[in-house]
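Engineer: After the structure tokens below, expect a handful of questions from me.
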Amino acid sequence: MLNAYFGIALYPDHAGDAAGLYENASSALVTAESSEWPIQFYRDASKYGDTSGFTMIQALRRAIDHDELKLVFQPVVDMQSYDTIYLEALLRWKDPGKHDISIDQTIRLAEQNQLIKPLTNWIIESACQFVSQSDLGEIAVGINLSMIDLHDRRLPERIETYFKQYRVKPAQIVIEITEGQIMQEPDEVIEVLSHLGVMGLSLSIDDFGTGQASLTYLKELPVEKLKIDQSFVRDIASNSDDQLIVKATIELAHTLDMKVVAEGVETLAVFDLLAEMNCDHVQGYYISRPLEVDQVADWFEVSVRPDLVRKGR
Ligand code: G
Ligand code: MN
């Protein structure tokens with residue numbers, strides 16, 4: 001398939017000379033490539049009160065092209081068997097000191113400025129590369145996708161391309177979708193998610209409890225796991241409201257035939273309470289901090305030892 005994209009900059013509104021016009025048209029072109037509309041006019045960042053525009057695009061492009069990003073991997077383990085179910089890939093700057101903004105802010109800005117596509121591509125490709133280079137067996141790798149990615153009907157096709165390139169099987173990838181963002185085109189999102197489900201990827205709702213629209217769509221989406229946001233989990237040992245919320249969420253998920261992952265588990269007390277509530281999987285500093293690529297093999301050596309998991313690290 002052939003796609004055409006247009007970035008437009010107008011003289012004299014957007015720049016006063018050819019070089020400036022070219023630069024701003026290029027900026028609009030990048031936006032066009034990563035948005036639903038293939039034709040985009042240049043938007044001056046300073047006028048629109050965001051940090052988008054050329055600087056932001058340049059910074060991200062540079063980060064992607066110059067290898068300034070990395071993935072770290074945080075295990076999600078089964079509460080009964082202590083088996084690692086999957087490793088969630090989390091984006092990080094390789095050298096945080098070199099950058100003015102945090103990686104979380106960068107992701108948010110990329111989402112707001114429709115720059116998430118090149119970033120998502122980098123994440124999917126890097127995760128596939130990690131899978132193909134590691135000996136993970138049954139253990140999957142989780143990728144965080146933004147709701148904006150899910151408005152892109154070509155996303156499944158892009159994922160499939162990486163799967164082929166790196167010989168990754170769909171069962172080796174879990175997709176985490178943050179429910180915090182509004183679904184602008186629910187039908188489109190459901191179509192994309194269904195497609196991913198049919199391809200054999202496992203879908204998980206991330207940060208559950210912090211967003212809207214969740215209950216309405218939960219039943220319609222082919223979702224296997226629900227991740228309770230860490231803000232609810234962290235204090236369940238001391239906060240009875242949070243405890244009730246978590247308990248009810250676990251029951252809701254089980255009623256809908258979904259597995260529950262509690263994230264942000266930092267203490268044994270929280271771990272034990274979750275076990276009592278029949279939570280399925282846990283993730284958090286009590287189990288393991290996010291691991292560098294070269295720490296992952298070590299993790300598998302110790303993670304099969306429940307005594308170590310129970311003692312925490
Ligand atoms: O989007 P998501 O909620 O999956 O983001 C997870 C983030 O939370 C990561 O940046 C990770 O480093 C961090 N994190 C993971 N486990 C814990 C934990 O137990 N406590 C706290 N405070 N943060 C955590
Ligand atoms: Mn996540």
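To be explicit about the labels: the chains of the structure tokens are called A, B, and onward in the order shown, and within each one the residues are counted from 1, while ligands get numbers from 1 in the order they are shown.
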What parts of region 121-295 of chain A does DSSP call strand (DSSP E or B)? I'd like the answer as a ChimeraX atom specification.
Structural biologist: /A:140-145,173-178,202-208,225-228,259-262,281-282,291
Engineer: Taking only C-alpha atoms and all ligand atoms into account, list the residues no farther than 10 Å from ligand 2, as a PyMOL selection string.
Structural biologist: chain A and resi 74+88-90+142-145+175-178+204-207+227+229+263
Engineer: Save the residues we just selected, all heavy atoms, as a compact mmCIF listing (two decimals), in the first residue's frame?
Structural biologist:
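Output saved as part-v4.txt:
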```
# COMPACT_ATOMS: atom_id res chain seq x y z
N GLN A 74 10.02 -4.92 34.19
CA GLN A 74 9.58 -5.21 35.56
C GLN A 74 8.68 -6.46 35.58
O GLN A 74 7.65 -6.50 34.90
CB GLN A 74 8.83 -4.01 36.15
CG GLN A 74 8.57 -4.19 37.65
CD GLN A 74 7.93 -3.00 38.31
OE1 GLN A 74 7.17 -2.27 37.67
NE2 GLN A 74 8.20 -2.80 39.58
N GLU A 88 7.04 -6.49 32.14
CA GLU A 88 6.53 -5.26 31.53
C GLU A 88 7.68 -4.38 31.09
O GLU A 88 8.56 -4.04 31.88
CB GLU A 88 5.64 -4.49 32.51
CG GLU A 88 5.11 -3.21 31.88
CD GLU A 88 4.26 -2.35 32.81
OE1 GLU A 88 4.13 -2.69 33.99
OE2 GLU A 88 3.74 -1.32 32.31
N ALA A 89 7.68 -4.02 29.81
CA ALA A 89 8.72 -3.13 29.28
C ALA A 89 8.37 -1.70 29.63
O ALA A 89 7.27 -1.22 29.35
CB ALA A 89 8.81 -3.30 27.76
N LEU A 90 9.29 -1.01 30.28
CA LEU A 90 9.08 0.39 30.66
C LEU A 90 10.14 1.24 29.99
O LEU A 90 11.33 0.90 29.99
CB LEU A 90 9.16 0.54 32.19
CG LEU A 90 8.09 -0.21 32.98
CD1 LEU A 90 8.49 -0.34 34.45
CD2 LEU A 90 6.74 0.48 32.86
N GLY A 142 5.45 -7.36 28.19
CA GLY A 142 4.32 -6.43 28.12
C GLY A 142 4.74 -5.10 27.51
O GLY A 142 5.80 -4.58 27.81
N ILE A 143 3.90 -4.59 26.64
CA ILE A 143 4.16 -3.29 26.01
C ILE A 143 3.02 -2.34 26.38
O ILE A 143 1.86 -2.72 26.32
CB ILE A 143 4.19 -3.43 24.47
CG1 ILE A 143 5.29 -4.38 24.03
CG2 ILE A 143 4.38 -2.07 23.82
CD1 ILE A 143 5.27 -4.65 22.54
N ASN A 144 3.37 -1.12 26.77
CA ASN A 144 2.35 -0.12 27.07
C ASN A 144 1.97 0.64 25.80
O ASN A 144 2.80 1.28 25.18
CB ASN A 144 2.88 0.88 28.10
CG ASN A 144 3.03 0.22 29.46
OD1 ASN A 144 2.04 -0.03 30.16
ND2 ASN A 144 4.25 -0.09 29.83
N LEU A 145 0.71 0.57 25.44
CA LEU A 145 0.24 1.35 24.30
C LEU A 145 -0.68 2.45 24.80
O LEU A 145 -1.37 2.29 25.80
CB LEU A 145 -0.54 0.47 23.32
CG LEU A 145 0.24 -0.58 22.53
CD1 LEU A 145 -0.67 -1.22 21.50
CD2 LEU A 145 1.45 0.05 21.84
N ILE A 175 -0.28 -6.71 25.63
CA ILE A 175 -0.47 -5.28 25.39
C ILE A 175 -1.17 -4.67 26.60
O ILE A 175 -2.23 -5.14 27.00
CB ILE A 175 -1.36 -5.06 24.13
CG1 ILE A 175 -0.72 -5.66 22.88
CG2 ILE A 175 -1.69 -3.60 23.96
CD1 ILE A 175 0.38 -4.86 22.28
N GLU A 176 -0.57 -3.65 27.19
CA GLU A 176 -1.21 -2.94 28.28
C GLU A 176 -1.78 -1.63 27.75
O GLU A 176 -1.07 -0.85 27.13
CB GLU A 176 -0.20 -2.64 29.40
CG GLU A 176 0.29 -3.88 30.10
CD GLU A 176 0.97 -3.56 31.43
OE1 GLU A 176 0.95 -2.40 31.87
OE2 GLU A 176 1.51 -4.50 32.02
N ILE A 177 -3.07 -1.44 28.02
CA ILE A 177 -3.72 -0.23 27.54
C ILE A 177 -4.17 0.58 28.74
O ILE A 177 -4.90 0.09 29.58
CB ILE A 177 -4.99 -0.56 26.72
CG1 ILE A 177 -4.69 -1.65 25.70
CG2 ILE A 177 -5.56 0.67 26.08
CD1 ILE A 177 -5.75 -2.71 25.69
N THR A 178 -3.73 1.82 28.78
CA THR A 178 -4.15 2.68 29.88
C THR A 178 -5.58 3.12 29.63
O THR A 178 -5.90 3.64 28.56
CB THR A 178 -3.22 3.89 29.98
OG1 THR A 178 -1.91 3.41 30.18
CG2 THR A 178 -3.62 4.78 31.12
N SER A 204 -4.40 -6.29 28.29
CA SER A 204 -4.55 -5.98 29.71
C SER A 204 -4.91 -4.51 29.86
O SER A 204 -4.36 -3.65 29.19
CB SER A 204 -3.20 -6.28 30.38
OG SER A 204 -3.15 -5.73 31.66
N ILE A 205 -5.87 -4.22 30.74
CA ILE A 205 -6.21 -2.82 31.01
C ILE A 205 -5.29 -2.34 32.14
O ILE A 205 -5.27 -2.93 33.22
CB ILE A 205 -7.69 -2.67 31.45
CG1 ILE A 205 -8.64 -3.16 30.36
CG2 ILE A 205 -7.98 -1.23 31.85
CD1 ILE A 205 -8.87 -2.22 29.23
N ASP A 206 -4.56 -1.27 31.88
CA ASP A 206 -3.57 -0.74 32.81
C ASP A 206 -4.21 0.36 33.67
O ASP A 206 -5.20 0.96 33.28
CB ASP A 206 -2.42 -0.14 31.98
CG ASP A 206 -1.12 -0.11 32.75
OD1 ASP A 206 -1.09 -0.54 33.92
OD2 ASP A 206 -0.12 0.34 32.16
N ASP A 207 -3.60 0.61 34.82
CA ASP A 207 -4.02 1.72 35.69
C ASP A 207 -5.51 1.71 35.95
O ASP A 207 -6.16 2.76 36.02
CB ASP A 207 -3.65 3.09 35.07
CG ASP A 207 -2.16 3.20 34.78
OD1 ASP A 207 -1.38 2.58 35.53
OD2 ASP A 207 -1.79 3.89 33.83
N LYS A 227 -5.23 -4.52 35.40
CA LYS A 227 -4.19 -4.11 36.34
C LYS A 227 -4.72 -3.00 37.23
O LYS A 227 -5.07 -1.93 36.74
CB LYS A 227 -2.98 -3.57 35.58
CG LYS A 227 -1.95 -4.61 35.24
CD LYS A 227 -0.76 -3.98 34.57
CE LYS A 227 0.45 -3.96 35.48
NZ LYS A 227 1.67 -3.59 34.73
N ASP A 229 -4.52 0.05 39.52
CA ASP A 229 -3.52 1.11 39.61
C ASP A 229 -2.84 1.12 40.98
O ASP A 229 -3.45 0.89 42.01
CB ASP A 229 -4.18 2.47 39.36
CG ASP A 229 -3.14 3.57 39.25
OD1 ASP A 229 -2.32 3.49 38.33
OD2 ASP A 229 -3.11 4.47 40.10
N GLU A 263 -0.59 -3.71 40.89
CA GLU A 263 0.73 -3.10 40.71
C GLU A 263 1.05 -2.21 41.91
O GLU A 263 0.18 -1.86 42.69
CB GLU A 263 0.82 -2.32 39.39
CG GLU A 263 -0.16 -1.20 39.25
CD GLU A 263 -0.01 -0.42 37.94
OE1 GLU A 263 0.46 -0.97 36.94
OE2 GLU A 263 -0.39 0.75 37.95
```
Engineer: Write as number ranges by chain the residues around ligand 1, taking 6 Å as the cut-off and counting only C-alpha atoms and all ligand atoms.
Structural biologist: A: 207, 264-266, 284-285, 290
Engineer: Just the residues within 8 Å of region 27-29 of chain A, please, counting only C-alpha atoms, with nothing from its chain fewer than 4 positions along; format it as an NGL selection string.
Structural biologist: :A and (5-9 or 23 or 33 or 39-43 or 53-54 or 57)
Engineer: Would you pick out the contacts of Met199 (chain A) at 12 Å or less, using only C-alpha atoms, so that residues sharing its chain but fewer than 4 positions from it are not included, and give the list as a count of residues only?
Structural biologist: 19
Engineer: Quick one: distance from CA of Arg92 (chain A) to CA of Val131 (chain A) in Å, one decimal?
Structural biologist: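 Going from CA of Arg92 (chain A) over to CA of Val131 (chain A), I get 17.9 Å.
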Engineer: Pick out each residue of region 91-240 of chain A that DSSP on the backbone tags as helix (DSSP H, G or I); I need them as a VMD selection string.
Structural biologist: chain A and resid 96 to 98 103 to 112 116 to 133 149 to 151 155 to 166 170 to 172 186 to 199 214 to 218 230 to 233 240
Engineer: From the options A:Asp104, A:Gln114, A:Met183, A:Ile124, which residue's atoms come nearest to Met147 (chain A), counting only C-alpha atoms?
Structural biologist: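 Ranking A:Asp104, A:Gln114, A:Met183, A:Ile124 by distance to Met147 (chain A), first place goes to A:Met183.
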Engineer: What is the CA of Asp100 (chain A) to CA of Glu292 (chain A) distance in Å?
Structural biologist: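 CA of Glu292 (chain A) lies 22.3 Å from CA of Asp100 (chain A).
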Engineer: If we count only C-alpha atoms and set the cut-off at 12 Å, which residues sit around Arg154 (chain A), ignoring sequence neighbours fewer than 2 positions away in its own chain? Please answer as JSON, numbers by chain.
Structural biologist: {"A": [1, 3, 34, 35, 36, 117, 121, 149, 150, 151, 152, 156, 157, 158, 159, 160, 161, 188, 189, 191, 192, 193, 195, 196]}
Engineer: Keeping only C-alpha atoms, write those residues as a compact mmCIF listing (two decimals), in the first residue's frame.
Structural biologist:
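To be explicit, this is the file written out as again-v9.txt:
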```
# COMPACT_ATOMS: atom_id res chain seq x y z
CA MET A 1 0.00 0.00 0.00
CA ASN A 3 0.54 6.34 1.58
CA SER A 34 1.70 10.07 12.95
CA SER A 35 -1.88 11.30 12.99
CA GLU A 36 -5.19 10.29 11.52
CA LYS A 117 3.59 6.79 16.66
CA ASN A 121 7.18 1.93 16.91
CA ASP A 149 -2.15 4.22 19.20
CA LEU A 150 -5.42 2.34 19.32
CA HIS A 151 -7.11 4.88 17.07
CA ASP A 152 -4.75 3.78 14.31
CA PRO A 156 -2.03 -4.42 14.01
CA GLU A 157 -0.31 -4.44 10.62
CA ARG A 158 2.70 -2.58 12.06
CA ILE A 159 2.92 -4.99 14.96
CA GLU A 160 2.71 -7.93 12.59
CA THR A 161 5.63 -6.57 10.58
CA GLU A 188 -12.45 2.08 15.98
CA VAL A 189 -10.63 1.22 19.22
CA GLU A 191 -11.98 -2.92 16.14
CA VAL A 192 -8.22 -2.48 16.61
CA LEU A 193 -8.23 -4.31 19.95
CA HIS A 195 -7.88 -7.45 15.68
CA LEU A 196 -4.97 -7.68 18.18
```
Engineer: Quick one: everything within 12 Å of Pro12 (chain A), counting only C-alpha atoms, minus sequence neighbours fewer than 6 positions away in the same chain. Send it as an NGL selection string.
Structural biologist: :A and (18 or 20-21 or 24)
Engineer: Which residue gives the smallest distance to Ser288 (chain A) among A:Ala140, A:Ile190, A:Val76, A:Cys128, with only C-alpha atoms counted?
Structural biologist: A:Val76
Engineer: Restricting the calculation to only C-alpha atoms: of A:Arg167, A:His14, A:Lys94, A:Lys219, which residue gets closest to Val72 (chain A)?
Structural biologist: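 Ranking A:Arg167, A:His14, A:Lys94, A:Lys219 by distance to Val72 (chain A), first place goes to A:Lys94.
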Engineer: Figure out the distance between CA of Lys164 (chain A) and CA of Val30 (chain A), please, to one decimal in Å.
Structural biologist: 25.8 Å
